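Trainee: Structure supplied as model_39.cif; contents: mmCIF, C-alpha atoms and all ligand atoms.
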```
data_target
#
loop_
_atom_site.label_atom_id
_atom_site.label_comp_id
_atom_site.auth_asym_id
_atom_site.auth_seq_id
_atom_site.Cartn_x
_atom_site.Cartn_y
_atom_site.Cartn_z
CA MET Q 1 0.00 0.00 0.00
CA LYS Q 2 1.19 3.56 -0.77
CA ILE Q 3 0.00 6.22 1.65
CA PRO Q 4 0.80 9.86 0.86
CA PHE Q 5 1.23 12.42 3.62
CA LEU Q 6 -1.78 14.32 2.27
CA SER Q 7 -4.36 13.61 -0.41
CA PHE Q 8 -7.04 16.00 -1.69
CA SER Q 9 -8.80 13.23 -3.64
CA PRO Q 10 -11.82 12.44 -1.38
CA GLN Q 11 -12.37 16.14 -0.61
CA ASN Q 12 -12.06 17.24 -4.24
CA THR Q 13 -14.41 14.53 -5.47
CA SER Q 14 -17.11 15.54 -2.99
CA ILE Q 15 -17.04 19.26 -3.87
CA ARG Q 16 -16.00 19.24 -7.52
CA THR Q 17 -19.30 20.56 -8.89
CA GLN Q 18 -19.73 23.27 -6.24
CA VAL Q 19 -16.17 24.57 -6.69
CA LEU Q 20 -16.24 24.56 -10.50
CA ASP Q 21 -19.65 26.32 -10.44
CA ALA Q 22 -18.18 28.97 -8.15
CA VAL Q 23 -15.24 29.47 -10.53
CA ALA Q 24 -17.64 29.80 -13.48
CA ARG Q 25 -19.76 32.35 -11.61
CA VAL Q 26 -16.74 34.60 -10.93
CA PHE Q 27 -15.49 34.15 -14.50
CA ASP Q 28 -18.86 35.20 -15.88
CA SER Q 29 -19.28 38.11 -13.44
CA GLN Q 30 -16.30 39.90 -15.06
CA TRP Q 31 -15.39 41.32 -11.60
CA TYR Q 32 -12.21 39.75 -10.22
CA VAL Q 33 -10.92 41.86 -7.30
CA LEU Q 34 -12.79 43.02 -4.14
CA GLY Q 35 -16.36 42.36 -5.20
CA GLU Q 36 -19.39 40.42 -4.03
CA SER Q 37 -17.60 37.07 -3.56
CA VAL Q 38 -15.11 38.55 -1.09
CA LYS Q 39 -17.88 40.38 0.79
CA THR Q 40 -19.97 37.22 1.00
CA PHE Q 41 -17.11 35.02 2.17
CA GLU Q 42 -16.03 37.60 4.77
CA ALA Q 43 -19.53 37.60 6.26
CA GLU Q 44 -19.70 33.80 6.24
CA TYR Q 45 -16.28 33.32 7.79
CA ALA Q 46 -16.96 35.97 10.48
CA THR Q 47 -20.13 34.08 11.43
CA TYR Q 48 -18.27 30.76 11.41
CA SER Q 49 -15.58 32.22 13.69
CA ASP Q 50 -18.01 33.89 16.14
CA ALA Q 51 -16.27 37.17 15.26
CA ARG Q 52 -18.03 40.39 14.26
CA HIS Q 53 -15.76 41.17 11.32
CA CYS Q 54 -13.60 39.34 8.80
CA ILE Q 55 -11.19 40.99 6.37
CA GLY Q 56 -9.98 38.78 3.52
CA VAL Q 57 -6.29 39.18 2.62
CA ALA Q 58 -3.75 37.60 0.28
CA ASN Q 59 -2.28 35.01 2.69
CA GLY Q 60 -1.83 34.10 6.36
CA LEU Q 61 1.48 35.87 6.80
CA ASP Q 62 -0.05 39.15 5.56
CA ALA Q 63 -2.99 38.60 7.95
CA LEU Q 64 -0.61 38.47 10.95
CA HIS Q 65 1.50 41.36 9.67
CA LEU Q 66 -1.49 43.63 9.01
CA ALA Q 67 -3.05 42.73 12.39
CA LEU Q 68 0.12 43.92 14.19
CA LYS Q 69 0.41 46.97 11.93
CA ALA Q 70 -3.22 48.00 12.52
CA LEU Q 71 -2.70 47.72 16.29
CA GLY Q 72 0.18 50.18 15.98
CA VAL Q 73 2.87 47.72 17.05
CA LYS Q 74 6.27 49.20 16.20
CA GLU Q 75 9.98 49.33 16.92
CA GLY Q 76 10.73 49.13 20.63
CA ASP Q 77 7.58 47.12 21.38
CA GLU Q 78 7.95 43.53 22.55
CA VAL Q 79 5.81 40.74 21.14
CA ILE Q 80 5.60 37.36 22.87
CA VAL Q 81 5.63 34.45 20.40
CA PRO Q 82 6.12 30.69 20.79
CA SER Q 83 9.68 29.39 20.45
CA ASN Q 84 8.22 26.45 18.45
CA THR Q 85 6.13 27.81 15.61
CA TYR Q 86 6.17 28.16 11.85
CA ILE Q 87 8.44 31.06 10.97
CA ALA Q 88 5.49 33.17 9.71
CA THR Q 89 4.58 34.13 13.28
CA TRP Q 90 8.05 35.55 13.85
CA LEU Q 91 8.26 37.21 10.41
CA ALA Q 92 5.09 39.22 11.08
CA VAL Q 93 6.76 40.70 14.19
CA SER Q 94 9.94 41.44 12.22
CA TYR Q 95 7.94 43.27 9.52
CA VAL Q 96 6.67 45.88 12.03
CA GLY Q 97 10.16 46.24 13.53
CA ALA Q 98 9.13 45.00 16.99
CA THR Q 99 11.22 42.82 19.29
CA ILE Q 100 10.59 39.07 19.21
CA VAL Q 101 10.29 37.54 22.71
CA PRO Q 102 10.10 33.75 22.35
CA VAL Q 103 8.43 31.69 25.07
CA GLU Q 104 8.71 27.93 25.44
CA PRO Q 105 5.68 25.63 25.00
CA ASN Q 106 4.05 23.12 27.28
CA ILE Q 107 5.87 19.91 26.28
CA HIS Q 108 2.63 17.89 26.24
CA THR Q 109 0.36 20.18 24.18
CA TYR Q 110 3.18 22.01 22.27
CA ASN Q 111 1.22 25.24 22.84
CA LEU Q 112 2.40 28.43 24.55
CA ASP Q 113 2.83 27.89 28.31
CA PRO Q 114 0.89 30.61 30.17
CA ALA Q 115 3.37 30.54 33.08
CA GLY Q 116 6.19 31.21 30.62
CA VAL Q 117 4.19 34.07 29.11
CA ALA Q 118 3.67 35.63 32.55
CA ALA Q 119 7.40 35.46 33.25
CA ALA Q 120 8.27 37.10 29.90
CA ILE Q 121 6.06 40.20 30.31
CA THR Q 122 7.98 43.48 30.72
CA PRO Q 123 6.89 47.16 30.63
CA ARG Q 124 7.61 47.10 26.86
CA THR Q 125 5.37 44.11 26.06
CA ARG Q 126 2.51 45.09 23.73
CA VAL Q 127 1.20 41.83 22.28
CA ILE Q 128 0.91 38.11 23.03
CA MET Q 129 0.72 35.94 19.91
CA PRO Q 130 -0.59 32.47 20.76
CA VAL Q 131 -0.37 29.94 17.91
CA HIS Q 132 -2.98 27.18 18.01
CA LEU Q 133 -0.33 24.73 16.86
CA TYR Q 134 -1.20 21.57 14.92
CA GLY Q 135 -4.91 22.43 15.38
CA GLN Q 136 -5.20 22.53 19.17
CA ALA Q 137 -6.57 25.65 20.88
CA CYS Q 138 -4.16 27.32 23.32
CA GLU Q 139 -5.17 27.80 26.98
CA MET Q 140 -6.96 31.02 26.10
CA ASP Q 141 -8.54 31.61 29.53
CA ARG Q 142 -5.15 32.12 31.17
CA ILE Q 143 -3.67 33.96 28.20
CA MET Q 144 -6.60 36.42 28.04
CA GLU Q 145 -6.39 36.91 31.81
CA LEU Q 146 -2.70 37.87 31.55
CA ALA Q 147 -3.45 40.20 28.62
CA GLN Q 148 -6.18 41.96 30.60
CA GLN Q 149 -4.03 42.28 33.75
CA HIS Q 150 -1.17 43.86 31.79
CA GLU Q 151 -3.30 45.72 29.19
CA LEU Q 152 -1.80 43.82 26.26
CA HIS Q 153 -3.27 42.93 22.89
CA VAL Q 154 -3.67 39.31 21.87
CA VAL Q 155 -3.17 38.40 18.20
CA GLU Q 156 -4.03 34.75 17.60
CA ASP Q 157 -2.24 32.86 14.84
CA ASN Q 158 -5.18 30.67 13.84
CA ALA Q 159 -3.67 29.34 10.59
CA GLN Q 160 -3.86 25.70 11.75
CA ALA Q 161 -6.99 25.63 13.90
CA GLN Q 162 -10.06 26.88 12.04
CA GLY Q 163 -13.09 25.66 13.99
CA ALA Q 164 -11.22 24.77 17.20
CA THR Q 165 -12.57 26.03 20.52
CA PHE Q 166 -11.42 26.78 24.06
CA ASN Q 167 -14.18 26.39 26.66
CA GLY Q 168 -16.62 26.38 23.74
CA LYS Q 169 -15.41 29.67 22.24
CA LYS Q 170 -13.92 29.64 18.73
CA THR Q 171 -10.25 30.32 18.10
CA GLY Q 172 -9.91 33.54 16.12
CA SER Q 173 -12.53 35.24 18.31
CA PHE Q 174 -10.42 35.92 21.44
CA GLY Q 175 -7.74 38.38 20.34
CA SER Q 176 -7.94 42.04 19.25
CA ALA Q 177 -7.20 40.95 15.65
CA ASN Q 178 -6.42 37.40 14.59
CA GLY Q 179 -4.86 35.95 11.46
CA THR Q 180 -5.67 32.77 9.60
CA SER Q 181 -4.44 31.12 6.41
CA PHE Q 182 -6.30 29.35 3.63
CA TYR Q 183 -3.14 27.88 2.10
CA PRO Q 184 -4.31 24.74 0.22
CA GLY Q 185 -3.16 22.27 2.89
CA LYS Q 186 -4.82 24.11 5.81
CA ASN Q 187 -8.09 22.76 7.26
CA LEU Q 188 -10.01 25.24 5.10
CA GLY Q 189 -7.86 25.56 1.99
CA ALA Q 190 -8.18 27.70 -1.13
CA LEU Q 191 -6.78 26.69 -4.53
CA GLY Q 192 -3.81 28.99 -4.06
CA ASP Q 193 -2.81 31.59 -1.46
CA ALA Q 194 -5.45 33.27 0.71
CA GLY Q 195 -5.89 34.45 4.29
CA ALA Q 196 -8.11 36.48 6.61
CA ILE Q 197 -8.16 38.57 9.77
CA THR Q 198 -11.01 38.28 12.29
CA THR Q 199 -11.80 40.99 14.84
CA ASN Q 200 -14.69 42.21 16.99
CA ASP Q 201 -13.62 45.87 16.73
CA PRO Q 202 -15.41 47.77 13.92
CA ALA Q 203 -12.82 50.61 13.80
CA LEU Q 204 -9.97 48.13 13.55
CA ALA Q 205 -11.88 46.23 10.82
CA LEU Q 206 -12.21 49.40 8.76
CA HIS Q 207 -8.52 50.23 9.26
CA LEU Q 208 -7.55 46.69 8.16
CA ALA Q 209 -9.76 46.83 5.07
CA THR Q 210 -8.02 50.11 4.21
CA LEU Q 211 -4.52 48.78 4.83
CA ARG Q 212 -5.01 45.71 2.60
CA ASN Q 213 -6.13 47.88 -0.30
CA TYR Q 214 -3.39 50.51 -0.82
CA GLY Q 215 -4.47 52.45 2.26
CA SER Q 216 -7.56 53.50 0.38
CA GLN Q 217 -11.29 53.35 1.11
CA ARG Q 218 -12.29 55.40 -1.91
CA LYS Q 219 -10.60 54.59 -5.21
CA TYR Q 220 -7.52 56.79 -5.82
CA TYR Q 221 -7.79 58.53 -2.44
CA ASN Q 222 -5.06 57.18 -0.16
CA GLU Q 223 -5.30 57.88 3.55
CA VAL Q 224 -2.38 55.83 4.83
CA ILE Q 225 0.62 54.00 3.38
CA GLY Q 226 -1.11 50.71 2.70
CA TYR Q 227 -0.36 47.41 1.01
CA ASN Q 228 -1.73 45.35 -1.82
CA SER Q 229 -2.91 42.30 0.07
CA ARG Q 230 -6.37 41.58 -1.31
CA LEU Q 231 -8.19 38.26 -1.28
CA ASP Q 232 -9.10 37.29 -4.88
CA GLU Q 233 -12.75 36.98 -5.88
CA LEU Q 234 -11.95 33.55 -7.30
CA GLN Q 235 -10.42 32.26 -4.05
CA ALA Q 236 -13.23 33.82 -1.98
CA ALA Q 237 -15.89 32.08 -4.08
CA ILE Q 238 -14.04 28.75 -3.79
CA LEU Q 239 -13.74 29.21 -0.01
CA SER Q 240 -17.49 29.92 0.25
CA ALA Q 241 -18.15 26.69 -1.63
CA LYS Q 242 -15.91 24.74 0.79
CA LEU Q 243 -16.82 26.36 4.13
CA PRO Q 244 -20.12 24.43 4.60
CA TYR Q 245 -18.06 21.19 4.60
CA LEU Q 246 -15.46 22.30 7.14
CA ASP Q 247 -17.19 20.95 10.26
CA GLU Q 248 -17.70 17.54 8.63
CA TRP Q 249 -14.02 17.48 7.54
CA THR Q 250 -13.03 18.38 11.11
CA ARG Q 251 -15.17 15.51 12.42
CA GLN Q 252 -13.33 13.17 10.04
CA ARG Q 253 -9.92 14.51 11.15
CA GLN Q 254 -10.91 13.88 14.78
CA GLN Q 255 -12.06 10.34 13.93
CA ILE Q 256 -8.76 9.61 12.16
CA ALA Q 257 -6.85 10.96 15.19
CA ALA Q 258 -8.94 8.73 17.49
CA TRP Q 259 -7.98 5.71 15.32
CA TYR Q 260 -4.30 6.65 15.57
CA ASP Q 261 -4.67 7.06 19.36
CA GLN Q 262 -6.18 3.56 19.50
CA TYR Q 263 -3.78 1.73 17.17
CA LEU Q 264 -0.61 3.46 18.44
CA ALA Q 265 -1.41 3.09 22.15
CA GLY Q 266 1.27 1.55 24.34
CA ILE Q 267 4.20 1.64 21.90
CA PRO Q 268 7.26 2.48 23.99
CA ASP Q 269 9.12 5.59 22.79
CA VAL Q 270 6.20 6.90 20.70
CA VAL Q 271 4.64 9.96 22.34
CA LEU Q 272 1.06 10.63 21.20
CA PRO Q 273 -0.66 14.05 21.09
CA VAL Q 274 -2.30 15.33 24.28
CA THR Q 275 -5.23 17.76 24.40
CA ALA Q 276 -5.46 20.24 27.32
CA ALA Q 277 -8.58 20.47 29.48
CA GLY Q 278 -11.05 22.90 27.88
CA ALA Q 279 -9.31 22.83 24.49
CA SER Q 280 -10.58 21.20 21.33
CA HIS Q 281 -8.21 19.84 18.68
CA VAL Q 282 -9.08 19.96 14.96
CA TYR Q 283 -6.00 17.92 13.98
CA HIS Q 284 -4.54 20.03 11.21
CA LEU Q 285 -1.67 17.63 11.93
CA TYR Q 286 -1.31 14.42 13.94
CA VAL Q 287 2.15 14.80 15.44
CA VAL Q 288 3.93 12.03 17.37
CA ARG Q 289 7.38 12.21 18.94
CA SER Q 290 10.15 9.61 19.01
CA PRO Q 291 13.78 9.74 20.18
CA ARG Q 292 14.59 7.76 17.00
CA ARG Q 293 12.55 10.04 14.74
CA ASP Q 294 14.87 10.08 11.70
CA ALA Q 295 15.15 6.27 11.60
CA LEU Q 296 11.37 5.95 12.09
CA GLN Q 297 10.73 8.35 9.22
CA ALA Q 298 13.15 6.44 6.96
CA HIS Q 299 11.42 3.18 7.89
CA LEU Q 300 8.00 4.63 6.99
CA THR Q 301 9.32 6.10 3.73
CA ALA Q 302 10.60 2.63 2.78
CA GLN Q 303 7.09 1.25 3.43
CA GLY Q 304 5.58 3.83 1.04
CA ILE Q 305 4.24 6.04 3.86
CA GLY Q 306 4.64 9.82 3.55
CA THR Q 307 5.48 11.88 6.65
CA LEU Q 308 6.67 15.44 7.30
CA ILE Q 309 8.44 17.29 10.12
CA HIS Q 310 6.72 20.40 11.53
CA TYR Q 311 9.26 21.91 11.90
CA PRO Q 312 12.87 20.64 11.58
CA ILE Q 313 14.57 23.89 12.68
CA PRO Q 314 13.08 26.24 15.30
CA PRO Q 315 12.97 29.91 14.22
CA HIS Q 316 15.75 31.01 16.62
CA LEU Q 317 18.17 28.62 14.85
CA GLN Q 318 17.19 29.68 11.32
CA GLN Q 319 19.83 31.52 9.34
CA ALA Q 320 17.28 34.30 8.81
CA TYR Q 321 17.42 35.07 12.53
CA ALA Q 322 21.19 34.66 13.02
CA ALA Q 323 21.45 38.42 13.69
CA LEU Q 324 19.24 38.12 16.80
CA ASP Q 325 22.11 36.11 18.31
CA PHE Q 326 20.03 33.66 20.33
CA LYS Q 327 22.15 31.03 22.10
CA PRO Q 328 21.74 27.64 20.36
CA ASP Q 329 20.32 26.13 23.58
CA ALA Q 330 18.21 29.17 24.53
CA PHE Q 331 14.95 27.26 23.88
CA PRO Q 332 15.56 23.59 24.70
CA LEU Q 333 11.91 22.52 24.43
CA ALA Q 334 11.59 23.99 20.93
CA GLN Q 335 14.79 22.17 20.02
CA GLU Q 336 13.60 18.91 21.60
CA ILE Q 337 10.30 19.07 19.64
CA ALA Q 338 12.13 19.87 16.39
CA ALA Q 339 14.45 16.89 16.92
CA THR Q 340 11.75 14.34 17.77
CA CYS Q 341 8.44 15.30 16.09
CA LEU Q 342 6.91 13.50 13.13
CA SER Q 343 3.60 14.32 11.40
CA LEU Q 344 1.70 11.23 10.24
CA PRO Q 345 -0.55 11.05 7.17
CA LEU Q 346 -3.97 12.61 7.82
CA TRP Q 347 -6.61 14.03 5.48
CA PRO Q 348 -10.42 14.06 5.44
CA GLY Q 349 -11.48 10.83 3.78
CA MET Q 350 -8.49 8.78 4.97
CA THR Q 351 -9.76 5.29 5.87
CA GLU Q 352 -9.42 3.21 9.03
CA GLU Q 353 -7.48 0.59 7.01
CA GLU Q 354 -4.96 3.25 5.99
CA VAL Q 355 -4.55 4.35 9.62
CA GLN Q 356 -4.09 0.71 10.64
CA TYR Q 357 -1.43 0.23 7.95
CA VAL Q 358 0.56 3.28 9.13
CA SER Q 359 0.15 2.26 12.79
CA ALA Q 360 1.27 -1.33 12.11
CA ALA Q 361 4.38 -0.04 10.32
CA ILE Q 362 5.23 2.13 13.36
CA ARG Q 363 4.64 -0.78 15.74
CA ALA Q 364 6.86 -3.06 13.61
CA PHE Q 365 9.65 -0.46 13.79
C1 LIG Z 401 0.49 28.40 7.29
C2 LIG Z 401 0.84 29.19 8.49
C3 LIG Z 401 1.02 30.59 8.44
C4 LIG Z 401 1.12 31.38 7.17
O1 LIG Z 401 0.15 31.21 6.23
P1 LIG Z 401 0.44 31.51 4.68
O2 LIG Z 401 -0.93 31.59 4.11
O3 LIG Z 401 1.25 30.41 4.16
O4 LIG Z 401 1.15 32.83 4.59
C5 LIG Z 401 1.22 31.27 9.63
N1 LIG Z 401 1.29 30.61 10.80
C6 LIG Z 401 1.16 29.29 10.88
C7 LIG Z 401 1.24 28.63 12.23
C8 LIG Z 401 0.94 28.52 9.74
O5 LIG Z 401 0.82 27.20 9.84
#
```
What is this structure when it is put down as structure tokens?

Mentor:
Amino acid sequence: MKIPFLSFSPQNTSIRTQVLDAVARVFDSQWYVLGESVKTFEAEYATYSDARHCIGVANGLDALHLALKALGVKEGDEVIVPSNTYIATWLAVSYVGATIVPVEPNIHTYNLDPAGVAAAITPRTRVIMPVHLYGQACEMDRIMELAQQHELHVVEDNAQAQGATFNGKKTGSFGSANGTSFYPGKNLGALGDAGAITTNDPALALHLATLRNYGSQRKYYNEVIGYNSRLDELQAAILSAKLPYLDEWTRQRQQIAAWYDQYLAGIPDVVLPVTAAGASHVYHLYVVRSPRRDALQAHLTAQGIGTLIHYPIPPHLQQAYAALDFKPDAFPLAQEIAATCLSLPLWPGMTEEEVQYVSAAIRAF
């Protein structure tokens, strides 16, 4: 059996007609940038996220960047980010010239440790950026409490956790402005790059809509130095066609994770994912850890099983951040996760037999 890391086949088959109809509608409308499709999707995604406003943008990195920019975060401000995240979270902070303050995760959930956040707050801290990593909601009750105590903004990086909740409240609805990504492989994926910001603040929403469109509300009148970071009509229409299926796809991801939990239970040296009390997990990724990760990955590759590492090098050890001069062992948990984590195949429509095959190969190893 050959099992890829990710397959769009079952998903694409089930929505082929709806997506191609949406493409045809935009094609025929002869309106391709910032029109009715974007407006409609923004309203739908705001409702889905329990947020009052949604601003469609070009990608997830722009969403995080513009969120920080709109909040006035600038040079001299400190932004707390996880030490173990995709580099996009850090890049958004770099773009506004603020200081990156990495905080180590909880080693069981891989999400930002609230105690570590508390210890990292200084008079210069402006923002906490929790990342709902691999699809699990961060402990948002404690993070929001800290933000309120110290009058800080929260900017959620919700790229991996669309539809997840903490104590029943949706991720992307807690922070002042929150970014998400519709990169094709994300839980809600476009057919290309796309992203969005969610916020409950109407003034911030207007400012963000201005920033993403050349700093302009009225064509050829520019109020601020803005960006070109618009969500395409085509991608918005495709996302609207897919959004009604997201909860069912999430249910399937959770079922697949439950199968992995069952078939991988009790294997020595294979650490399974843990979900915190109050958090829900939408399993963007099913990540296990092993002290012999590289050999395990090679073994699975030889069996025709695709896996990936999220992520092999923590941001503080990337060449891009060499100038920040972090000590190599400054964030040992981030390093430990990078050295041991392995993401197993998981996609909506993956069958129990496929999960059994992958699990048996791991057990044999
Ligand atoms: C995918 C991702 C992003 C960036 O999204 P793009 O649309 O690729 O720019 C940001 N943060 C995290 C955690 C991600 O997984």

Trainee: Please work out which residues fall within 9 Å of (-2.8, 35.1, 0.9), coordinates as given in the file, with all atoms listed in the file counting, and return them as a PDB file with C-alpha atoms, in the frame of the given file.

Mentor:
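Written output follows (point39.pdb):
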```pdb
ATOM      1  CA  GLY Q  56      -9.980  38.780   3.520  1.00  0.00           C
ATOM      2  CA  VAL Q  57      -6.290  39.180   2.620  1.00  0.00           C
ATOM      3  CA  ALA Q  58      -3.750  37.600   0.280  1.00  0.00           C
ATOM      4  CA  ASN Q  59      -2.280  35.010   2.690  1.00  0.00           C
ATOM      5  CA  GLY Q  60      -1.830  34.100   6.360  1.00  0.00           C
ATOM      6  CA  LEU Q  61       1.480  35.870   6.800  1.00  0.00           C
ATOM      7  CA  ASP Q  62      -0.050  39.150   5.560  1.00  0.00           C
ATOM      8  CA  ALA Q  63      -2.990  38.600   7.950  1.00  0.00           C
ATOM      9  CA  SER Q 181      -4.440  31.120   6.410  1.00  0.00           C
ATOM     10  CA  PHE Q 182      -6.300  29.350   3.630  1.00  0.00           C
ATOM     11  CA  TYR Q 183      -3.140  27.880   2.100  1.00  0.00           C
ATOM     12  CA  GLY Q 192      -3.810  28.990  -4.060  1.00  0.00           C
ATOM     13  CA  ASP Q 193      -2.810  31.590  -1.460  1.00  0.00           C
ATOM     14  CA  ALA Q 194      -5.450  33.270   0.710  1.00  0.00           C
ATOM     15  CA  GLY Q 195      -5.890  34.450   4.290  1.00  0.00           C
ATOM     16  CA  ALA Q 196      -8.110  36.480   6.610  1.00  0.00           C
ATOM     17  CA  SER Q 229      -2.910  42.300   0.070  1.00  0.00           C
ATOM     18  CA  ARG Q 230      -6.370  41.580  -1.310  1.00  0.00           C
ATOM     19  CA  LEU Q 231      -8.190  38.260  -1.280  1.00  0.00           C
ATOM     20  CA  ASP Q 232      -9.100  37.290  -4.880  1.00  0.00           C
TER      21      ASP Q 232
END
```

Trainee: Pick from Q:Gln11, Q:Thr125, Q:Asn167, Q:Thr351: nearest to Glu151 of chain Q, with all atoms listed in the file counted?

Mentor: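 That would be Q:Thr125, the residue with the smallest distance to Glu151 of chain Q.
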
Trainee: Nearest residue to Tyr286 of chain Q out of Q:Pro244, Q:Pro184, Q:Pro314, Q:Gly135, using all atoms listed in the file?

Mentor: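 Nearest to Tyr286 of chain Q: Q:Gly135.
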
Trainee: Within 9 Å of (13.5, 16.4, 12.8), all atoms listed in the file: residues as a list in words?

Mentor: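 Protein and nucleic acid residues near the point are Arg293, Asp294, Leu308, Ile309, His310, Tyr311, Pro312, Ile313, Ile337, Ala338, Ala339, Thr340, Cys341 and Leu342 of chain Q.
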
Trainee: So for ligand LIG 401 (chain Z), what box centre and size do we get, axis-aligned, 8 Å extra on each of the six sides, every listed atom, Å to one decimal, as AutoDock Vina command-line options?

Mentor:
```
--center_x 0.2 --center_y 30.0 --center_z 8.2 --size_x 18.2 --size_y 21.6 --size_z 24.1
```

Trainee: For segment 75-79 of chain Q, list every protein, DNA or RNA residue within 10 Å, evaluated using all atoms listed in the file, and leave out those in the same chain fewer than 5 positions away; present the list as a list in words.

Mentor: Leu68, Trp90, Val93, Ser94, Tyr95, Val96, Gly97, Ala98, Thr99, Ile100, Val101, Pro102, Ala120, Ile121, Thr122, Pro123, Arg124, Thr125, Arg126, Val127, Ile128, Met129, Leu152, His153, Val154 and Val155 of chain Q

Trainee: Looking at all atoms listed in the file, which of Q:Phe331, Q:Tyr245, Q:Phe166, Q:Tyr110 is the one that sits closest to Arg289 of chain Q?

Mentor: Q:Tyr110

Trainee: For segment 247-255 of chain Q, please output as a PyMOL selection string all residues within 6 Å (counting only C-alpha atoms; exclusion window: fewer than 3 positions along the same chain).

Mentor: chain Q and resi 258+282-283+348

Trainee: Select, from Q:Cys54, Q:Val81, Q:Ala43, Q:Ala147, the residue with the minimum atom-to-atom distance to ligand LIG 401 (chain Z), counting only C-alpha atoms and all ligand atoms.

Mentor: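 For ligand LIG 401 (chain Z), the nearest of the given residues is Q:Val81.
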
Trainee: Neighbours of Ile225 of chain Q within 9 Å (all atoms listed in the file; same-chain residues fewer than 2 positions away dropped), as a PyMOL selection string?

Mentor: chain Q and resi 211+214-216+222-223+227

Trainee: Between Q:Pro82, Q:Gly35, Q:Pro105, Q:Pro202, single out the one closest to ligand LIG 401 (chain Z), counting all atoms listed in the file.

Mentor: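 Under the stated criterion, the closest residue is Q:Pro82.
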
Trainee: With distances taken over only C-alpha atoms and all ligand atoms, which residue among Q:Gln30, Q:Thr89, Q:Thr301, Q:Gln18 lies nearest ligand LIG 401 (chain Z)?

Mentor: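 Result for the nearest residue to ligand LIG 401 (chain Z): Q:Thr89.
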
Trainee: Work out how far atom CA of Val288 of chain Q is from atom CA of Ala334 of chain Q, in Å to one decimal.

Mentor: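 About the pair atom CA of Ala334 of chain Q and atom CA of Val288 of chain Q: they are 14.6 Å apart.
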
Trainee: Just give me the gap between atom CA of Leu239 of chain Q and atom CA of Thr40 of chain Q in Å, one decimal is fine.

Mentor: 10.2 Å

Trainee: Between atom CA of Gly189 of chain Q and atom CA of Val287 of chain Q, what is the spacing in Å?

Mentor: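 Between these atoms lies a distance of 19.9 Å.
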
Trainee: With a distance cut-off of 12 Å and only C-alpha atoms, select the neighbouring residues of Leu112 of chain Q, excluding the residue or stretch itself and same-chain residues fewer than 3 positions from it, and output the selection as a PyMOL selection string.

Mentor: chain Q and resi 80-85+102-109+115-118+120+128-133+136-140+142-143+156-157+276+333-334

Trainee: Could you list, as a ChimeraX atom specification, every residue within 9 Å of Pro10 of chain Q, counting only C-alpha atoms and ignoring same-chain residues fewer than 6 positions away?

Mentor: /Q:347-350
